[in-house]
$ cat start.csv   # CSV, C-alpha atoms
chain,number,residue,atom,x,y,z
X,1,ALA,CA,-7.9,-6.9,0.1
X,2,GLN,CA,-4.3,-5.7,0.5
X,3,LYS,CA,-3.3,-3.3,3.2
X,4,VAL,CA,-0.1,-1.6,4.2
X,5,THR,CA,0.3,0.0,7.6
X,6,GLN,CA,3.0,2.4,8.6
X,7,ALA,CA,2.1,3.1,12.2
X,8,GLN,CA,4.7,5.9,12.7
X,9,THR,CA,3.3,9.1,11.3
X,10,GLU,CA,6.3,11.2,12.1
X,11,ILE,CA,9.8,10.5,13.4
X,12,SER,CA,12.3,13.1,14.5
X,13,VAL,CA,15.9,12.3,15.1
X,14,VAL,CA,19.2,14.0,15.5
X,15,GLU,CA,21.9,13.5,12.9
X,16,LYS,CA,23.9,10.3,13.2
X,17,GLU,CA,21.2,8.5,15.1
X,18,ASP,CA,19.9,5.3,13.7
X,19,VAL,CA,16.2,5.2,12.8
X,20,THR,CA,13.9,2.3,11.9
X,21,LEU,CA,10.7,2.8,9.9
X,22,ASP,CA,8.1,0.1,10.4
X,23,CYS,CA,5.9,-1.4,7.7
X,24,VAL,CA,3.3,-4.1,8.3
X,25,TYR,CA,1.4,-5.6,5.4
X,26,GLU,CA,-1.6,-7.8,4.8
X,27,THR,CA,-2.2,-9.9,1.7
X,28,ARG,CA,-3.7,-13.2,0.7
X,29,ASP,CA,-1.3,-13.6,-2.2
X,30,THR,CA,1.5,-16.1,-1.9
X,31,THR,CA,3.5,-14.1,-4.4
X,32,TYR,CA,3.9,-10.5,-3.9
X,33,TYR,CA,6.5,-7.7,-3.9
X,34,LEU,CA,7.3,-5.1,-1.3
X,35,PHE,CA,8.8,-1.7,-2.0
X,36,TRP,CA,10.1,1.3,-0.2
X,37,TYR,CA,10.0,4.8,-1.8
X,38,LYS,CA,11.4,8.1,-0.6
X,39,GLN,CA,9.6,11.3,-1.3
X,40,PRO,CA,11.9,14.3,-0.5
X,41,PRO,CA,10.5,17.8,-0.1
X,42,SER,CA,10.8,18.4,-3.8
X,43,GLY,CA,8.0,15.9,-4.2
X,44,GLU,CA,9.3,13.2,-6.6
X,45,LEU,CA,9.2,9.5,-5.7
X,46,VAL,CA,12.5,7.8,-5.4
X,47,PHE,CA,12.6,4.0,-5.6
X,48,LEU,CA,14.7,2.5,-2.9
X,49,ILE,CA,14.2,-1.2,-2.9
X,50,ARG,CA,12.0,-4.1,-4.1
X,51,ARG,CA,11.8,-7.5,-2.4
X,52,ASN,CA,9.8,-10.5,-3.5
X,53,SER,CA,7.9,-12.7,-1.1
X,54,PHE,CA,10.2,-15.7,-1.7
X,55,ASP,CA,13.4,-13.9,-0.7
X,56,GLU,CA,13.6,-13.2,3.0
X,57,GLN,CA,17.2,-12.3,3.0
X,58,ASN,CA,17.9,-9.0,4.6
X,59,GLU,CA,19.5,-6.4,2.4
X,60,ILE,CA,22.0,-3.7,3.1
X,61,SER,CA,22.8,-0.8,0.8
X,62,GLY,CA,25.2,1.7,2.3
X,63,ARG,CA,23.5,3.3,5.3
X,64,TYR,CA,20.2,1.6,4.4
X,65,SER,CA,19.1,-1.8,5.4
X,66,TRP,CA,15.8,-3.7,5.2
X,67,ASN,CA,14.5,-6.5,7.4
X,68,PHE,CA,11.8,-8.7,5.8
X,69,GLN,CA,10.1,-11.1,8.1
X,70,LYS,CA,7.3,-13.0,6.5
X,71,SER,CA,6.2,-14.6,9.8
X,72,THR,CA,5.2,-11.2,11.1
X,73,SER,CA,4.3,-9.6,7.7
X,74,SER,CA,6.8,-6.9,8.3
X,75,PHE,CA,9.3,-5.1,6.0
X,76,ASN,CA,11.1,-2.6,8.1
X,77,PHE,CA,13.6,-0.1,6.9
X,78,THR,CA,16.6,1.2,8.9
X,79,ILE,CA,18.8,4.2,8.2
X,80,THR,CA,22.1,4.0,10.0
X,81,ALA,CA,23.9,7.2,11.0
X,82,SER,CA,21.1,9.4,9.7
X,83,GLN,CA,21.8,12.6,7.8
X,84,VAL,CA,19.8,15.8,7.2
X,85,VAL,CA,19.4,14.8,3.6
X,86,ASP,CA,17.5,11.7,4.7
X,87,SER,CA,14.6,14.0,5.8
X,88,ALA,CA,11.7,13.0,3.6
X,89,VAL,CA,8.5,11.0,3.6
X,90,TYR,CA,9.0,7.3,3.3
X,91,PHE,CA,6.4,5.0,1.8
X,92,CYS,CA,6.2,1.3,2.0
X,93,ALA,CA,4.2,-0.4,-0.8
X,94,LEU,CA,2.9,-3.8,-1.8
X,95,SER,CA,2.2,-5.0,-5.2
X,96,GLN,CA,-0.4,-7.7,-5.8
X,97,ASP,CA,-0.2,-10.8,-7.9
X,98,ALA,CA,-3.5,-11.4,-9.7
X,99,GLY,CA,-2.3,-14.2,-11.9
X,100,GLY,CA,0.5,-12.0,-13.2
X,101,THR,CA,-1.7,-9.3,-14.5
X,102,SER,CA,-1.3,-6.5,-11.9
X,103,TYR,CA,2.2,-6.6,-10.7
X,104,GLY,CA,2.6,-2.8,-11.1
X,105,LYS,CA,-0.5,-1.9,-9.1
X,106,LEU,CA,0.8,-0.8,-5.7
X,107,THR,CA,-0.9,-0.4,-2.4
X,108,PHE,CA,0.9,2.3,-0.4
X,109,GLY,CA,1.1,2.9,3.3
X,110,GLN,CA,0.3,6.3,4.6
X,111,GLY,CA,3.9,7.2,4.8
X,112,THR,CA,6.3,8.2,7.6
X,113,ILE,CA,7.6,11.7,7.8
X,114,LEU,CA,11.3,11.5,8.9
X,115,THR,CA,13.0,14.7,10.1
X,116,VAL,CA,16.7,14.6,10.8
X,117,HIS,CA,17.9,17.6,12.7
X,118,PRO,CA,21.5,18.8,12.5
J,1,ASN,CA,13.0,7.1,-12.7
J,2,ALA,CA,13.8,10.4,-14.4
J,3,GLY,CA,12.9,8.7,-17.6
J,4,VAL,CA,9.1,8.9,-16.9
J,5,MET,CA,8.1,12.4,-18.0
J,6,GLN,CA,5.1,14.1,-16.7
J,7,ASN,CA,3.8,17.5,-17.7
J,8,PRO,CA,2.9,19.9,-16.7
J,9,ARG,CA,4.6,19.8,-13.3
J,10,HIS,CA,2.1,22.3,-11.9
J,11,LEU,CA,-1.3,23.0,-13.2
J,12,VAL,CA,-3.8,25.5,-11.9
J,13,ARG,CA,-7.4,25.3,-13.0
J,14,ARG,CA,-10.6,27.1,-12.0
J,15,ARG,CA,-13.5,25.1,-10.8
J,16,GLY,CA,-15.5,23.7,-13.8
J,17,GLN,CA,-12.5,23.7,-16.2
J,18,GLU,CA,-10.9,20.6,-17.6
J,19,ALA,CA,-7.4,19.3,-16.6
J,20,ARG,CA,-5.3,17.2,-18.9
J,21,LEU,CA,-2.2,15.5,-17.4
J,22,ARG,CA,0.3,13.9,-19.6
J,23,CYS,CA,2.7,11.0,-19.0
J,24,SER,CA,5.4,9.7,-21.3
J,25,PRO,CA,6.7,6.4,-20.1
J,26,MET,CA,10.3,5.3,-20.1
J,27,LYS,CA,11.6,4.1,-23.4
J,28,GLY,CA,10.5,0.6,-24.0
J,29,HIS,CA,7.8,0.6,-21.4
J,30,SER,CA,4.3,-0.2,-22.6
J,31,HIS,CA,2.5,-0.2,-19.2
J,32,VAL,CA,1.4,2.9,-17.4
J,33,TYR,CA,-0.2,3.4,-14.0
J,34,TRP,CA,-1.7,6.6,-12.5
J,35,TYR,CA,-1.8,7.3,-8.8
J,36,ARG,CA,-3.3,10.2,-6.9
J,37,GLN,CA,-1.8,11.7,-3.7
J,38,LEU,CA,-4.2,13.8,-1.8
J,39,PRO,CA,-2.7,16.3,0.7
J,40,GLU,CA,-1.1,14.6,3.6
J,41,GLU,CA,-2.1,11.1,2.4
J,42,GLY,CA,-0.4,8.2,0.7
J,43,LEU,CA,-0.7,7.4,-3.0
J,44,LYS,CA,-3.8,5.7,-4.2
J,45,PHE,CA,-4.0,3.6,-7.4
J,46,MET,CA,-6.3,5.0,-10.0
J,47,VAL,CA,-5.8,3.2,-13.3
J,48,TYR,CA,-3.6,0.8,-15.2
J,49,LEU,CA,-3.2,1.0,-18.9
J,50,GLN,CA,-1.4,-0.7,-21.7
J,51,LYS,CA,-1.2,0.8,-25.2
J,52,GLU,CA,-4.8,1.3,-26.4
J,53,ASN,CA,-6.2,-0.7,-23.5
J,54,ILE,CA,-7.5,0.0,-20.0
J,55,ILE,CA,-6.5,-3.0,-17.9
J,56,ASP,CA,-7.7,-1.9,-14.4
J,57,GLU,CA,-9.6,1.2,-13.6
J,58,SER,CA,-10.8,0.1,-10.2
J,59,GLY,CA,-9.4,3.2,-8.5
J,60,MET,CA,-10.9,5.8,-10.9
J,61,PRO,CA,-13.7,8.0,-9.6
J,62,LYS,CA,-16.9,7.0,-11.5
J,63,GLU,CA,-17.5,10.5,-12.9
J,64,ARG,CA,-15.4,13.2,-14.6
J,65,PHE,CA,-12.2,11.2,-14.7
J,66,SER,CA,-10.9,9.3,-17.8
J,67,ALA,CA,-7.6,8.0,-19.0
J,68,GLU,CA,-6.1,6.8,-22.2
J,69,PHE,CA,-2.9,5.5,-23.6
J,70,PRO,CA,-3.0,5.7,-27.3
J,71,LYS,CA,-0.8,3.8,-29.8
J,72,GLU,CA,1.2,6.9,-30.3
J,73,GLY,CA,1.9,9.6,-27.8
J,74,PRO,CA,1.7,10.0,-24.1
J,75,SER,CA,-0.9,8.6,-21.7
J,76,ILE,CA,-3.5,11.3,-20.7
J,77,LEU,CA,-5.4,11.6,-17.5
J,78,ARG,CA,-8.3,13.8,-18.1
J,79,ILE,CA,-10.4,15.4,-15.4
J,80,GLN,CA,-13.6,17.2,-16.5
J,81,GLN,CA,-15.3,20.0,-14.5
J,82,VAL,CA,-12.7,20.0,-11.8
J,83,VAL,CA,-13.6,20.7,-8.2
J,84,ARG,CA,-11.5,21.8,-5.3
J,85,GLY,CA,-11.3,18.2,-4.0
J,86,ASP,CA,-9.4,17.2,-7.2
J,87,SER,CA,-6.4,19.3,-6.0
J,88,ALA,CA,-3.7,16.7,-5.5
J,89,ALA,CA,-0.4,15.4,-6.9
J,90,TYR,CA,-1.0,13.0,-9.7
J,91,PHE,CA,1.8,10.5,-10.3
J,92,CYS,CA,2.4,8.3,-13.3
J,93,ALA,CA,4.5,5.2,-13.3
J,94,SER,CA,5.6,2.9,-16.1
J,95,SER,CA,6.9,-0.6,-16.4
J,96,PRO,CA,8.1,-2.7,-19.3
J,97,GLY,CA,5.4,-5.4,-18.9
J,98,TRP,CA,4.2,-8.0,-16.4
J,99,ASN,CA,6.9,-6.7,-14.1
J,100,PRO,CA,6.8,-5.4,-10.6
J,101,GLU,CA,9.3,-2.7,-11.3
J,102,ALA,CA,7.5,0.6,-11.6
J,103,PHE,CA,9.3,3.8,-12.1
J,104,PHE,CA,7.6,7.0,-11.2
J,105,GLY,CA,7.5,10.4,-12.9
J,106,GLN,CA,7.9,13.6,-10.9
J,107,GLY,CA,4.2,14.1,-10.6
J,108,THR,CA,1.8,16.9,-11.7
J,109,ARG,CA,0.5,19.1,-8.9
J,110,LEU,CA,-3.0,20.1,-9.7
J,111,THR,CA,-4.5,23.1,-7.9
J,112,VAL,CA,-8.1,23.9,-8.4
J,113,VAL,CA,-9.0,27.5,-7.4
$ encode --input "start.csv" --output "structure tokens"
Amino acid sequence: AQKVTQAQTEISVVEKEDVTLDCVYETRDTTYYLFWYKQPPSGELVFLIRRNSFDEQNEISGRYSWNFQKSTSSFNFTITASQVVDSAVYFCALSQDAGGTSYGKLTFGQGTILTVHP
Amino acid sequence: NAGVMQNPRHLVRRRGQEARLRCSPMKGHSHVYWYRQLPEEGLKFMVYLQKENIIDESGMPKERFSAEFPKEGPSILRIQQVVRGDSAAYFCASSPGWNPEAFFGQGTRLTVV
């Protein structure tokens, strides 16, 4: 069975601080994909990133960066110089590979509520 | 992800009524996934459909819930005889095929009173 754990339920920071959101996953698949989504107060789900299990390169996109470490089954997300608009719930998710038939079926973590104070 | 359209955005139903949630996938997408987000929880997979086929319904409650994705028209998630515990946000995602990209709609917030 697949499992995604986001141990941090809530994080509160002051604007311009850096913040890292942790994500640990469990899977028996050798091929899988990891995602991060943002859910702002308005409620929609905003896709942030997808990584596949064969690509352990870290990625940076503006103030966002992701650290994928297969050895520790972690896919952590760092926001540099946080801003009030970053306040949201952040979800880490894992898609399974059942012979190529269920790529889109995601297992989500419980989410981390990030509050950035001015 | 704005291309996945869900309606209505908000739905209020009395206990015992039926709720119908609609999802129009992005243009060119033939795969639809439904997820449920209970209050203060993460999203849980419900069902995965292709046109006219249910591929995986392992997350669907055994009773009162059904889903379809007809050849023409949107995908429908139907909840019969709603109860207060059905109050949640229901999200639809679509993808073009055997592809891990999944784009979400804005969700339908169902409130059962």
$ interface_residues --input "start.csv" --of "chain J" --to "chain X" --cutoff "12 Å" --atoms "all atoms listed in the file" --output "MDAnalysis selection string"
chainID J and resid 1:2 4:6 9:10 30:50 55:59 88:109
$ residues_around --input "start.csv" --residues "Gln17 (chain J)" --least-positions-apart "5" --cutoff "10 Å" --atoms "only C-alpha atoms" --output "list of chain:residue names"
J:Val12, J:Ile79, J:Gln80, J:Gln81, J:Val82, J:Val83, J:Val112
$ atom_distance --input "start.csv" --atom1 "CA of Arg63 (chain X)" --atom2 "CA of Ser82 (chain X)"
7.9 Å
$ atom_distance --input "start.csv" --atom1 "CA of Glu17 (chain X)" --atom2 "CA of Asp55 (chain X)"
28.5 Å
$ residues_near_point --input "start.csv" --point "(14.3, -11.8, 6.0)" --cutoff "8 Å" --atoms "only C-alpha atoms" --output "NGL selection string"
:X and (55-58 or 67-70)
$ atom_distance --input "start.csv" --atom1 "CA of Arg13 (chain J)" --atom2 "CA of Phe69 (chain J)"
22.9 Å
$ closest_residue --input "start.csv" --among "J:Asn7, J:Arg84, J:Lys51, J:Arg14" --to "His29 (chain J)" --atoms "only C-alpha atoms"
J:Lys51
$ build_atoms --input "start.csv" --residues "region 24-47 of chain J" --atoms "N, CA, C and O atoms" --output "compact mmCIF listing (two decimals), in the frame of the given file"
# COMPACT_ATOMS: atom_id res chain seq x y z
N SER J 24 4.61 10.50 -20.32
CA SER J 24 5.40 9.70 -21.30
C SER J 24 6.20 8.70 -20.58
O SER J 24 7.06 9.05 -19.77
N PRO J 25 5.95 7.42 -20.83
CA PRO J 25 6.70 6.40 -20.10
C PRO J 25 8.12 6.31 -20.51
O PRO J 25 8.54 6.91 -21.49
N MET J 26 8.87 5.56 -19.74
CA MET J 26 10.30 5.30 -20.10
C MET J 26 10.33 4.59 -21.41
O MET J 26 9.41 3.85 -21.78
N LYS J 27 11.40 4.78 -22.10
CA LYS J 27 11.60 4.10 -23.40
C LYS J 27 11.46 2.64 -23.24
O LYS J 27 12.06 2.04 -22.34
N GLY J 28 10.65 2.04 -24.07
CA GLY J 28 10.50 0.60 -24.00
C GLY J 28 9.41 0.10 -23.08
O GLY J 28 9.10 -1.08 -23.04
N HIS J 29 8.83 1.02 -22.31
CA HIS J 29 7.80 0.60 -21.40
C HIS J 29 6.41 0.79 -22.05
O HIS J 29 6.12 1.83 -22.63
N SER J 30 5.59 -0.25 -21.91
CA SER J 30 4.30 -0.20 -22.60
C SER J 30 3.14 -0.24 -21.55
O SER J 30 1.98 -0.37 -21.94
N HIS J 31 3.48 -0.15 -20.26
CA HIS J 31 2.50 -0.20 -19.20
C HIS J 31 2.57 1.08 -18.39
O HIS J 31 3.66 1.49 -17.99
N VAL J 32 1.41 1.67 -18.13
CA VAL J 32 1.40 2.90 -17.40
C VAL J 32 0.35 2.82 -16.27
O VAL J 32 -0.73 2.24 -16.43
N TYR J 33 0.72 3.40 -15.14
CA TYR J 33 -0.20 3.40 -14.00
C TYR J 33 -0.29 4.88 -13.52
O TYR J 33 0.69 5.62 -13.51
N TRP J 34 -1.49 5.24 -13.11
CA TRP J 34 -1.70 6.60 -12.50
C TRP J 34 -2.12 6.42 -11.07
O TRP J 34 -2.92 5.54 -10.72
N TYR J 35 -1.54 7.30 -10.25
CA TYR J 35 -1.80 7.30 -8.80
C TYR J 35 -2.16 8.78 -8.43
O TYR J 35 -1.66 9.73 -9.03
N ARG J 36 -2.95 8.90 -7.39
CA ARG J 36 -3.30 10.20 -6.90
C ARG J 36 -2.82 10.31 -5.41
O ARG J 36 -3.03 9.37 -4.63
N GLN J 37 -2.22 11.43 -5.08
CA GLN J 37 -1.80 11.70 -3.70
C GLN J 37 -2.51 12.93 -3.21
O GLN J 37 -2.15 14.05 -3.55
N LEU J 38 -3.53 12.71 -2.39
CA LEU J 38 -4.20 13.80 -1.80
C LEU J 38 -3.34 14.43 -0.69
O LEU J 38 -2.46 13.73 -0.16
N PRO J 39 -3.54 15.68 -0.34
CA PRO J 39 -2.70 16.30 0.70
C PRO J 39 -2.59 15.48 1.93
O PRO J 39 -3.60 15.02 2.46
N GLU J 40 -1.36 15.28 2.37
CA GLU J 40 -1.10 14.60 3.60
C GLU J 40 -1.56 13.12 3.62
O GLU J 40 -1.82 12.56 4.67
N GLU J 41 -1.67 12.54 2.45
CA GLU J 41 -2.10 11.10 2.40
C GLU J 41 -1.06 10.38 1.52
O GLU J 41 -0.21 10.95 0.84
N GLY J 42 -1.19 9.07 1.56
CA GLY J 42 -0.40 8.20 0.70
C GLY J 42 -0.94 8.21 -0.71
O GLY J 42 -1.95 8.84 -1.01
N LEU J 43 -0.27 7.48 -1.57
CA LEU J 43 -0.70 7.40 -3.00
C LEU J 43 -1.77 6.32 -3.10
O LEU J 43 -1.68 5.24 -2.52
N LYS J 44 -2.75 6.65 -3.92
CA LYS J 44 -3.80 5.70 -4.20
C LYS J 44 -3.86 5.38 -5.69
O LYS J 44 -3.84 6.29 -6.53
N PHE J 45 -3.92 4.11 -5.99
CA PHE J 45 -4.00 3.60 -7.40
C PHE J 45 -5.26 4.15 -8.03
O PHE J 45 -6.35 4.15 -7.42
N MET J 46 -5.12 4.60 -9.28
CA MET J 46 -6.30 5.00 -10.00
C MET J 46 -6.58 4.09 -11.20
O MET J 46 -7.65 3.51 -11.30
N VAL J 47 -5.58 3.94 -12.09
CA VAL J 47 -5.80 3.20 -13.30
C VAL J 47 -4.54 2.62 -13.86
O VAL J 47 -3.46 3.18 -13.64
